[in-house]
Each structure stands twice: as structure tokens, then as C-alpha cells.
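So this one's upload.cif, mmCIF, C-alpha atoms (C1' of nucleotides):
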data_run
#
loop_
_atom_site.label_atom_id
_atom_site.label_comp_id
_atom_site.auth_asym_id
_atom_site.auth_seq_id
_atom_site.Cartn_x
_atom_site.Cartn_y
_atom_site.Cartn_z
CA MET Y 224 68.87 34.66 37.65
CA ASP Y 225 66.99 34.86 34.44
CA LEU Y 226 67.46 31.57 32.71
CA SER Y 227 66.28 30.53 29.31
CA ILE Y 228 64.74 27.10 29.07
CA GLY Y 229 68.03 25.81 27.66
CA ASP Y 230 70.00 27.22 30.60
CA LEU Y 231 67.58 25.63 33.05
CA SER Y 232 67.78 22.39 31.15
CA ARG Y 233 71.57 22.26 31.43
CA ARG Y 234 71.59 23.33 35.05
CA VAL Y 235 69.09 20.78 36.29
CA ALA Y 236 69.78 18.11 33.67
CA VAL Y 237 66.20 17.87 32.49
CA LYS Y 238 65.58 18.03 28.77
CA VAL Y 239 63.92 21.07 27.26
CA PRO Y 240 60.78 19.30 26.00
CA THR Y 241 60.43 17.64 29.39
CA ILE Y 242 60.43 21.03 31.11
CA ARG Y 243 57.68 22.23 28.81
CA TYR Y 244 55.82 18.99 29.46
CA TYR Y 245 56.03 19.54 33.24
CA GLU Y 246 54.60 23.00 32.76
CA GLN Y 247 51.80 21.61 30.64
CA ILE Y 248 50.75 19.07 33.27
CA GLY Y 249 50.99 21.67 36.00
CA LEU Y 250 54.01 20.27 37.81
CA LEU Y 251 56.19 23.30 37.18
CA PRO Y 252 54.53 26.74 37.26
CA ALA Y 253 54.48 28.77 34.05
CA PRO Y 254 57.34 31.26 34.22
CA PRO Y 255 57.26 34.86 32.98
CA ARG Y 256 58.07 35.43 29.32
CA THR Y 257 60.16 37.83 27.30
CA GLU Y 258 58.53 40.17 24.82
CA GLY Y 259 59.04 37.49 22.24
CA ARG Y 260 57.22 34.91 24.42
CA GLN Y 261 60.30 32.96 25.45
CA ARG Y 262 60.32 31.54 28.97
CA ARG Y 263 62.59 33.02 31.63
CA TYR Y 264 63.15 31.12 34.84
CA GLY Y 265 64.22 32.20 38.34
CA ALA Y 266 65.75 30.49 41.37
CA GLU Y 267 62.47 29.03 42.58
CA HIS Y 268 62.03 27.24 39.28
CA VAL Y 269 65.49 25.79 39.58
CA SER Y 270 64.81 24.33 43.01
CA ARG Y 271 61.35 23.09 42.17
CA LEU Y 272 62.59 21.39 39.02
CA SER Y 273 65.49 19.87 40.96
CA PHE Y 274 63.02 18.46 43.43
CA ILE Y 275 61.01 16.98 40.60
CA ARG Y 276 64.06 15.50 38.95
CA HIS Y 277 65.36 13.90 42.12
CA ALA Y 278 61.97 12.44 42.83
CA ARG Y 279 61.75 11.08 39.28
CA ASP Y 280 65.23 9.59 39.66
CA LEU Y 281 63.90 7.82 42.72
CA GLY Y 282 61.11 6.42 40.59
CA PHE Y 283 58.17 8.37 42.02
CA ASP Y 284 55.37 8.90 39.56
CA VAL Y 285 54.00 12.31 38.74
CA GLU Y 286 51.04 12.00 41.10
CA ALA Y 287 53.31 11.18 44.03
CA ILE Y 288 55.57 14.08 43.14
CA ARG Y 289 52.59 16.41 43.08
CA GLU Y 290 51.74 15.30 46.61
CA LEU Y 291 55.32 15.56 47.82
CA LEU Y 292 55.61 19.07 46.41
CA SER Y 293 52.45 20.17 48.10
CA LEU Y 294 53.65 18.66 51.40
CA ALA Y 295 57.01 20.38 51.04
CA ALA Y 296 55.15 23.67 50.83
CA GLN Y 297 53.59 23.15 54.27
CA PRO Y 298 56.54 22.98 56.68
CA ASP Y 299 54.39 22.95 59.82
CA GLN Y 300 52.37 19.90 58.95
CA SER Y 301 53.42 16.42 60.02
CA CYS Y 302 55.62 14.64 57.52
CA GLU Y 303 53.71 11.43 57.93
CA PRO Y 304 51.94 11.67 54.58
CA ALA Y 305 55.35 11.97 52.92
CA ASP Y 306 56.45 8.92 54.85
CA GLN Y 307 53.46 7.04 53.57
CA ILE Y 308 54.21 7.96 49.98
CA VAL Y 309 57.79 6.79 50.28
CA LEU Y 310 56.73 3.60 52.02
CA ARG Y 311 54.18 2.85 49.34
CA HIS Y 312 56.81 3.35 46.70
CA LEU Y 313 59.35 1.23 48.57
CA GLU Y 314 56.86 -1.61 48.76
CA SER Y 315 56.21 -1.48 45.05
CA VAL Y 316 59.95 -1.49 44.37
CA GLU Y 317 60.29 -4.52 46.60
CA ARG Y 318 57.51 -6.35 44.81
CA ARG Y 319 59.16 -5.54 41.51
CA ILE Y 320 62.53 -6.81 42.69
CA ALA Y 321 60.92 -10.03 43.86
CA GLN Y 322 59.25 -10.55 40.46
CA LEU Y 323 62.39 -9.78 38.55
CA THR Y 324 64.48 -12.07 40.74
CA LEU Y 325 62.16 -14.97 39.99
CA LEU Y 326 62.28 -14.05 36.35
CA ARG Y 327 66.05 -13.95 36.37
CA SER Y 328 66.28 -17.46 37.72
CA GLU Y 329 63.87 -18.72 35.09
CA LEU Y 330 65.88 -17.13 32.32
CA ARG Y 331 69.11 -18.53 33.74
CA HIS Y 332 67.66 -22.01 33.85
CA MET Y 333 66.52 -21.68 30.27
CA LEU Y 334 70.00 -20.77 29.18
CA GLU Y 335 71.58 -23.54 31.24
CA ASP Y 336 69.25 -26.16 29.81
CA CYS Y 337 69.91 -25.14 26.25
CA ARG Y 338 71.83 -27.80 24.34
CA HIS Y 339 73.03 -25.37 21.67
CA GLY Y 340 71.81 -27.72 18.99
CA PRO Y 341 69.04 -27.22 16.47
CA VAL Y 342 65.82 -25.47 17.41
CA ARG Y 343 64.07 -28.85 17.43
CA GLU Y 344 65.92 -29.78 20.62
CA CYS Y 345 66.00 -26.32 22.10
CA ARG Y 346 64.68 -26.19 25.63
CA ILE Y 347 64.11 -22.47 25.36
CA ILE Y 348 61.63 -22.87 22.57
CA GLN Y 349 60.12 -25.93 24.21
CA VAL Y 350 59.50 -24.15 27.47
CA LEU Y 351 57.77 -21.34 25.66
CA ALA Y 352 55.68 -23.67 23.55
CA ASP Y 353 54.70 -25.88 26.48
CA HIS Y 354 54.68 -23.97 29.67
CA ASP Y 355 54.11 -27.01 31.90
CA GLN Y 356 57.76 -27.89 31.51
CA CYS Y 357 58.60 -24.70 33.27
CA ARG Y 358 60.08 -25.00 36.76
CA HIS Y 359 58.28 -22.24 38.56
CA GLU Y 360 55.20 -20.13 38.38
CA HIS Y 361 55.58 -16.40 38.28
CA GLY Y 362 53.38 -13.35 38.07
CA LYS Y 363 53.07 -10.84 35.30
CA VAL Y 364 56.17 -8.81 34.84
CA SER Y 365 56.15 -6.35 31.97
CA MET L 30 38.22 -27.18 17.93
CA ASP L 31 36.36 -24.16 16.78
CA LEU L 32 36.71 -21.63 19.49
CA SER L 33 35.16 -18.21 19.75
CA ILE L 34 37.43 -15.44 20.87
CA GLY L 35 35.95 -15.73 24.35
CA ASP L 36 36.68 -19.46 24.49
CA LEU L 37 40.25 -18.84 23.40
CA SER L 38 40.56 -16.06 25.93
CA ARG L 39 39.52 -18.31 28.80
CA ARG L 40 41.62 -21.23 27.63
CA VAL L 41 44.86 -19.28 27.27
CA ALA L 42 44.13 -16.62 29.87
CA VAL L 43 44.66 -13.72 27.51
CA LYS L 44 42.01 -11.03 27.43
CA VAL L 45 39.76 -10.69 24.42
CA PRO L 46 40.88 -7.19 23.41
CA THR L 47 44.49 -8.33 23.75
CA ILE L 48 43.88 -11.18 21.33
CA ARG L 49 42.43 -8.76 18.79
CA TYR L 50 45.39 -6.48 19.42
CA TYR L 51 47.84 -9.30 18.72
CA GLU L 52 46.04 -9.99 15.47
CA GLN L 53 46.22 -6.33 14.55
CA ILE L 54 49.97 -6.14 15.08
CA GLY L 55 50.48 -9.38 13.19
CA LEU L 56 51.57 -11.53 16.12
CA LEU L 57 48.62 -13.90 15.85
CA PRO L 58 47.35 -14.77 12.37
CA ALA L 59 43.84 -13.69 11.46
CA PRO L 60 41.53 -16.69 11.94
CA PRO L 61 38.63 -17.70 9.71
CA ARG L 62 35.28 -16.08 10.42
CA THR L 63 31.69 -17.24 10.69
CA GLU L 64 29.10 -15.92 8.27
CA GLY L 65 28.46 -13.15 10.77
CA ARG L 66 32.15 -12.17 10.78
CA GLN L 67 32.97 -13.61 14.19
CA ARG L 68 36.42 -15.14 14.67
CA ARG L 69 36.79 -18.88 15.04
CA TYR L 70 40.09 -20.31 16.28
CA GLY L 71 41.73 -23.71 15.92
CA ALA L 72 44.41 -25.67 17.75
CA GLU L 73 47.28 -23.86 16.09
CA HIS L 74 45.96 -20.56 17.37
CA VAL L 75 45.78 -21.97 20.87
CA SER L 76 49.39 -23.05 20.82
CA ARG L 77 50.68 -19.92 19.19
CA LEU L 78 48.84 -17.70 21.65
CA SER L 79 50.12 -19.83 24.54
CA PHE L 80 53.63 -19.33 23.27
CA ILE L 81 53.05 -15.60 23.12
CA ARG L 82 51.57 -15.47 26.58
CA HIS L 83 54.39 -17.46 28.16
CA ALA L 84 56.93 -15.24 26.49
CA ARG L 85 55.11 -12.12 27.67
CA ASP L 86 55.01 -13.56 31.19
CA LEU L 87 58.76 -13.88 30.95
CA GLY L 88 58.91 -10.23 30.04
CA PHE L 89 59.95 -10.52 26.39
CA ASP L 90 58.79 -7.62 24.27
CA VAL L 91 56.73 -8.08 21.15
CA GLU L 92 59.71 -7.77 18.82
CA ALA L 93 61.58 -10.52 20.65
CA ILE L 94 58.49 -12.71 20.56
CA ARG L 95 58.20 -12.18 16.84
CA GLU L 96 61.77 -13.43 16.45
CA LEU L 97 61.26 -16.34 18.81
CA LEU L 98 58.13 -17.40 16.93
CA SER L 99 59.90 -17.29 13.63
CA LEU L 100 62.78 -19.32 15.06
CA ALA L 101 60.38 -21.85 16.52
CA ALA L 102 59.02 -22.35 13.02
CA GLN L 103 62.45 -23.44 11.74
CA PRO L 104 63.31 -26.58 13.72
CA ASP L 105 66.42 -27.37 11.69
CA GLN L 106 68.20 -24.11 12.29
CA SER L 107 70.55 -23.61 15.18
CA CYS L 108 68.92 -22.32 18.31
CA GLU L 109 71.72 -19.88 18.91
CA PRO L 110 69.69 -16.83 17.88
CA ALA L 111 67.08 -17.82 20.46
CA ASP L 112 69.85 -18.12 23.01
CA GLN L 113 71.00 -14.64 22.17
CA ILE L 114 67.53 -13.22 22.62
CA VAL L 115 67.16 -14.83 26.02
CA LEU L 116 70.63 -13.72 27.05
CA ARG L 117 69.94 -10.17 25.98
CA HIS L 118 66.75 -10.18 28.01
CA LEU L 119 68.47 -11.73 31.02
CA GLU L 120 71.04 -8.99 30.96
CA SER L 121 68.43 -6.29 30.89
CA VAL L 122 66.60 -7.94 33.78
CA GLU L 123 69.87 -8.01 35.71
CA ARG L 124 70.51 -4.35 35.03
CA ARG L 125 67.02 -3.55 36.20
CA ILE L 126 67.44 -5.54 39.40
CA ALA L 127 70.68 -3.72 40.12
CA GLN L 128 69.01 -0.34 39.65
CA LEU L 129 66.03 -1.25 41.76
CA THR L 130 68.24 -2.64 44.52
CA LEU L 131 70.11 0.63 44.76
CA LEU L 132 66.82 2.45 44.75
CA ARG L 133 65.45 0.25 47.50
CA SER L 134 68.35 1.05 49.75
CA GLU L 135 67.93 4.76 49.13
CA LEU L 136 64.26 4.61 49.98
CA ARG L 137 64.98 2.59 53.12
CA HIS L 138 67.53 5.13 54.27
CA MET L 139 65.06 7.92 53.67
CA LEU L 140 62.51 6.21 55.86
CA GLU L 141 65.07 5.41 58.55
CA ASP L 142 66.28 8.98 58.70
CA CYS L 143 62.81 10.41 59.02
CA ARG L 144 62.23 11.93 62.45
CA HIS L 145 58.44 11.73 62.11
CA GLY L 146 58.15 15.35 63.09
CA PRO L 147 56.96 18.31 61.04
CA VAL L 148 57.79 18.60 57.36
CA ARG L 149 60.32 21.31 58.22
CA GLU L 150 62.58 18.69 59.77
CA CYS L 151 61.73 15.89 57.39
CA ARG L 152 64.75 14.27 55.84
CA ILE L 153 62.66 12.86 53.04
CA ILE L 154 61.68 16.27 51.82
CA GLN L 155 65.17 17.63 52.44
CA VAL L 156 66.82 14.95 50.40
CA LEU L 157 64.49 15.65 47.52
CA ALA L 158 64.97 19.39 47.74
CA ASP L 159 68.72 19.19 48.06
CA HIS L 160 70.05 16.17 46.36
CA ASP L 161 73.63 16.59 47.57
CA GLN L 162 72.59 15.25 50.96
CA CYS L 163 71.79 12.01 49.28
CA ARG L 164 74.01 9.07 50.14
CA HIS L 165 74.46 7.49 46.77
CA GLU L 166 74.24 8.23 43.13
CA HIS L 167 71.95 6.13 41.01
CA GLY L 168 70.87 5.92 37.40
CA LYS L 169 67.51 6.61 35.94
CA VAL L 170 64.95 4.12 36.99
CA SER L 171 61.38 4.59 35.83
"C1'" DT N 204 9.82 -19.79 15.65
"C1'" DC N 205 10.68 -15.98 18.35
"C1'" DT N 206 12.99 -13.48 21.78
"C1'" DT N 207 16.22 -12.32 24.90
"C1'" DG N 208 20.71 -11.05 26.22
"C1'" DA N 209 25.47 -12.31 26.42
"C1'" DA N 210 29.05 -12.22 23.43
"C1'" DC N 211 30.81 -10.45 19.55
"C1'" DC N 212 32.09 -6.70 16.00
"C1'" DT N 213 34.83 -2.12 14.57
"C1'" DC N 214 36.61 2.12 15.69
"C1'" DT N 215 38.53 5.69 18.46
"C1'" DA N 216 40.77 7.40 22.33
"C1'" DG N 217 43.17 7.02 26.67
"C1'" DT N 218 47.07 5.25 29.73
"C1'" DC N 219 52.33 7.04 31.36
"C1'" DG N 220 56.14 10.00 30.85
"C1'" DC N 221 58.07 11.57 27.84
"C1'" DT N 222 60.34 12.18 22.74
"C1'" DA N 223 60.46 13.63 17.90
"C1'" DG N 224 59.40 16.46 14.26
"C1'" DA N 225 57.37 20.31 11.42
"C1'" DG N 226 57.27 24.89 10.57
"C1'" DA N 227 57.51 29.47 12.37
"C1'" DT N 228 59.67 33.06 15.40
"C1'" DT N 229 63.22 35.17 18.51
"C1'" DG N 230 67.64 36.11 20.58
"C1'" DT N 231 72.49 36.88 20.20
"C1'" DA N 232 77.05 37.17 18.30
"C1'" DT N 233 79.71 38.95 14.59
"C1'" DA G 26 72.69 43.50 8.80
"C1'" DT G 27 73.04 38.79 8.87
"C1'" DA G 28 73.41 34.33 10.15
"C1'" DC G 29 72.11 30.70 12.84
"C1'" DA G 30 71.23 28.60 17.25
"C1'" DA G 31 67.63 28.50 20.30
"C1'" DT G 32 63.11 29.05 21.16
"C1'" DC G 33 58.05 28.77 20.19
"C1'" DT G 34 53.42 25.90 19.41
"C1'" DC G 35 51.29 21.99 17.82
"C1'" DT G 36 50.66 17.28 16.69
"C1'" DA G 37 51.88 12.61 16.68
"C1'" DG G 38 54.39 8.57 18.31
"C1'" DC G 39 56.36 5.14 21.71
"C1'" DG G 40 54.77 0.03 24.06
"C1'" DA G 41 51.40 -2.95 25.24
"C1'" DC G 42 47.55 -2.76 26.10
"C1'" DT G 43 42.62 -1.03 28.15
"C1'" DA G 44 38.12 1.24 27.98
"C1'" DG G 45 34.10 2.67 25.89
"C1'" DA G 46 30.58 3.75 22.24
"C1'" DG G 47 27.43 2.06 19.25
"C1'" DG G 48 26.04 -1.64 16.49
"C1'" DT G 49 25.54 -6.92 15.16
"C1'" DT G 50 25.40 -12.00 15.85
"C1'" DC G 51 24.92 -16.24 18.18
"C1'" DA G 52 22.82 -19.73 21.14
"C1'" DA G 53 19.54 -21.08 24.43
"C1'" DG G 54 15.04 -21.08 26.42
"C1'" DA G 55 9.80 -20.35 25.84
#
Encoded form using C-alpha cells:
Amino acid sequence: MDLSIGDLSRRVAVKVPTIRYYEQIGLLPAPPRTEGRQRRYGAEHVSRLSFIRHARDLGFDVEAIRELLSLAAQPDQSCEPADQIVLRHLESVERRIAQLTLLRSELRHMLEDCRHGPVRECRIIQVLADHDQCRHEHGKVS
Amino acid sequence: MDLSIGDLSRRVAVKVPTIRYYEQIGLLPAPPRTEGRQRRYGAEHVSRLSFIRHARDLGFDVEAIRELLSLAAQPDQSCEPADQIVLRHLESVERRIAQLTLLRSELRHMLEDCRHGPVRECRIIQVLADHDQCRHEHGKVS
DNA sequence: TCTTGAACCTCTAGTCGCTAGAGATTGTAT
DNA sequence: ATACAATCTCTAGCGACTAGAGGTTCAAGA
């Protein structure tokens, strides 16, 4: 096991610049280098980067991943803090789904109401221009 | 109607720096100024900024809003392009909901499986460390 | 009229998690 | 030996703001 950054990238499916970025922000430890200063990774880098990738796939932010990694390194501690992190994330996902579901129904209504005539009669534009004609309230989405 | 930027901000519920930002990126036209170079807004600014805010609330990005604004200014044209923009956005919202729904179920399973013991036995950490134990595949989320 | 002080001004930099590019160096296969 | 892909560092950019510094202007009260 003596992987170049490109090998690691292919194996874990994380792009090369992203690996360097993770090193820069201290998420992945700096590996040893060749004489010519190229990075060479071992098995522990593979598993740590996998962990990071899976956690990112699950939508955890870097701070949460930092905490999860540090918890994973303490096998005797209670896993409750990890639980809390996951729960916190789950709740934010649920809030997001709720927002987006509202949003979806608004957008559907807009499309249904559209007469497909000229802009002058277009409900879509009207709703945007005069929000009081809108059916529901909704929070910020972005 | 001769509103300061603060008046406009309160009336439309868009923050002052955001208003200046919209001017900078050309979304809101630059208003006339007082002798002392302070901005003074009229009714057309209020309605244009309202339009922008409603569209942002609906999750449209700035480029889409630019197009919607320019369509709104051409009342004789067909509203089909506006339709297309809304449809495109609806589809992306639907994709996002689908992703997040998958994600939610993964996170719920993780929490269910957790034995609330030490980290060593924690399914949450195990799933992250060894992704093959994961129940489902899912796309990128962030 | 003068004085406060809140509101305004411009400009730069930071947020998050990367991604892209320039320009130079290194590793590897032929 | 040579070619060329891969690597290196560094800086800047993405989107849609947000925060802060340091200075100026406006409007109201004394």
C-alpha cells in the first residue's frame, strides 16, 4: 500500500483536489512524501477518507465529520454524542424536506394556473409581481 | 415615494446589504441619489424588489430571476419561456426531495440500529467506516 | 443654529465545500 | 533519453449573500 493521490482518488472516488483540500483543512492527515514531494498514502488514509466520503454522501458538514472522526477514535466512550450528531442532521433534513414540499406544491399550482397565453395574462408572472395572490406562505428556501 | 434604502428594506423585507448587492449584480437598477450620495427609491423599485424577493423565496436563482424579470417586461410575448423556467425549477426541487427522502430513511435506520452502547459497538460509526453495511445507495446530496 | 447619533456610504474579506487554472516539477513507460 | 501523464503549489472563482472597518450624511431635538 503506497498509493499516489491519483490512486487514492480512484479507489475512494474522491477527486484529487478534494483530497488536497481535506488535508489543508485538517480533515485528512498529511501523508509522507516521496523524494520529489509527491504524496504517498497508506491503508489508514484509505479508510479515513472513505469515512469522510460516506459521511459527506450522507450530507454531514465538515464540522460534524470532524466530531464523528474523533468519536470513532475513542471506542470505549459512549456513542451518544454520535447519536446526537445524526439526530441533529436528521432534523435539519426533515425541515428541508418540509420546506421543499411546500415549495413544490406552490410551483405546481403556478404551472396549473398558467393559461399559456401572453405574459400579460400569465399567473406565474402575476404571482411573482403581487405576492398576495399566492396561496400559501412559506419560509426561506435557498 | 422617496424611500431611503432602510425604508425600502423594511417595506420589502430585504436586508440593506442585499439590496446593494442586487444593484451591484444588476438585478435592481441603480436609483437616483441625494446630494450626499444616498440612494432614494421610488415605486418601481419597490415592485421590482418585491418580485425579486418572491422569486428568491420560491428558490429561483439569480439567473432565472433575471430571465423572469425580462419576460415580465414584455407583456405581449408568450409566457411559455416563463413556464419553462418554473418547470425546470420544479423538476430540480423534485429531484432534491427525492434525494433528501432517501437520506432521511438512511439516517433513521442509523438511529434505529444504534445500541446506545460504547462507540465500539455503534452502528452509526460502523456504517460510516464500512459503507458496504449500508442498506441503500444514494446520490450526492450536499 | 448646533449637535448628536442613527443611518448611510464604499470597500474588502469571509462564508461553505469544493473546482478550475496557471505554471512548474516529478514519475514512469518506452 | 524522451515524452507525457501525473503531480506539485498557489491563487482565484462559484452563489448569494453577510460582516466589519472606517468614513460621511441626514433628520430631529435643544
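Distances to chain N were evaluated for Y:Cys302, Y:Val239, Y:Leu291, Y:Leu325 using only C-alpha atoms (C1' of nucleotides), and the minimum falls at Y:Val239.
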Spell out the residues picked by the PyMOL selection byres ((chain Y) within 10 of (chain N)) here, as a list of chain:residue names.
->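 The output of the PyMOL selection byres ((chain Y) within 10 of (chain N)) on this file is Y:Lys238, Y:Pro240, Y:Thr241, Y:Tyr244, Y:Tyr245, Y:Thr257, Y:Glu258, Y:Gly259, Y:Arg260, Y:Gln261, Y:Asp284, Y:Val285.
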Six-sided padding of 8 Å per side, axis-aligned box over stretch 75-93 of chain L, centre and edges in Å, one decimal, as AutoDock Vina command-line options:
--center_x 53.7 --center_y -15.3 --center_z 25.0 --size_x 31.8 --size_y 31.4 --size_z 28.4
How far is it from atom CA of L:Arg133 to atom CA of L:Leu119, in Å with one decimal?
->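 Calculated distance between atom CA of L:Arg133 and atom CA of L:Leu119 is 20.6 Å.
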Which one is closest to L:Leu116: Y:Leu231, Y:Leu294, Y:Leu226, Y:Cys337? Count all atoms listed in the file.
->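 For L:Leu116, the nearest of the given residues is Y:Cys337.
The list of chain G residues within 10 Å of chain L is DG40, DA41, DC42, DT43, DA44, DT49, DT50 and DC51 of chain G; this uses all atoms listed in the file.
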Compute the set of chain Y residues within 6 Å of chain L, using all atoms listed in the file, and express it as a PDB file with C-alpha atoms, in the coordinates of the input.
ATOM      1  CA  PHE Y 274      63.020  18.460  43.430  1.00  0.00           C
ATOM      2  CA  HIS Y 277      65.360  13.900  42.120  1.00  0.00           C
ATOM      3  CA  ASP Y 280      65.230   9.590  39.660  1.00  0.00           C
ATOM      4  CA  GLY Y 282      61.110   6.420  40.590  1.00  0.00           C
ATOM      5  CA  PRO Y 298      56.540  22.980  56.680  1.00  0.00           C
ATOM      6  CA  ASP Y 299      54.390  22.950  59.820  1.00  0.00           C
ATOM      7  CA  GLN Y 300      52.370  19.900  58.950  1.00  0.00           C
ATOM      8  CA  SER Y 301      53.420  16.420  60.020  1.00  0.00           C
ATOM      9  CA  CYS Y 302      55.620  14.640  57.520  1.00  0.00           C
ATOM     10  CA  GLY Y 340      71.810 -27.720  18.990  1.00  0.00           C
ATOM     11  CA  PRO Y 341      69.040 -27.220  16.470  1.00  0.00           C
ATOM     12  CA  VAL Y 342      65.820 -25.470  17.410  1.00  0.00           C
ATOM     13  CA  ARG Y 343      64.070 -28.850  17.430  1.00  0.00           C
ATOM     14  CA  LEU Y 351      57.770 -21.340  25.660  1.00  0.00           C
ATOM     15  CA  ALA Y 352      55.680 -23.670  23.550  1.00  0.00           C
ATOM     16  CA  LYS Y 363      53.070 -10.840  35.300  1.00  0.00           C
ATOM     17  CA  VAL Y 364      56.170  -8.810  34.840  1.00  0.00           C
ATOM     18  CA  SER Y 365      56.150  -6.350  31.970  1.00  0.00           C
TER      19      SER Y 365
END
Give the answer as one residue: which of Y:Asp225, Y:Gln247, Y:Arg256, Y:Ile288 has the shortest atom-to-atom distance to Y:Val269, using all atoms listed in the file?
->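 So, comparing all the options, the nearest one is Y:Asp225.
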If we count only C-alpha atoms (C1' of nucleotides), what is near Y:Ala253 at a cut-off of 10 Å, once residues fewer than 2 positions away on the same chain are taken out, given as a list in words?
-> Arg243, Tyr245, Glu246, Gln247, Gly249, Leu250, Leu251, Pro255, Arg256, Arg262, Arg263, Tyr264 and His268 of chain Y
Work out how far atom C1' of G:DT32 is from atom CA of Y:Ile228, in Å to one decimal.
-> 8.3 Å
What is the distance between atom CA of L:Ala72 and atom CA of L:Pro60, in Å to one decimal?
->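 Spanning atom CA of L:Ala72 to atom CA of L:Pro60 is a straight-line distance of 11.1 Å.
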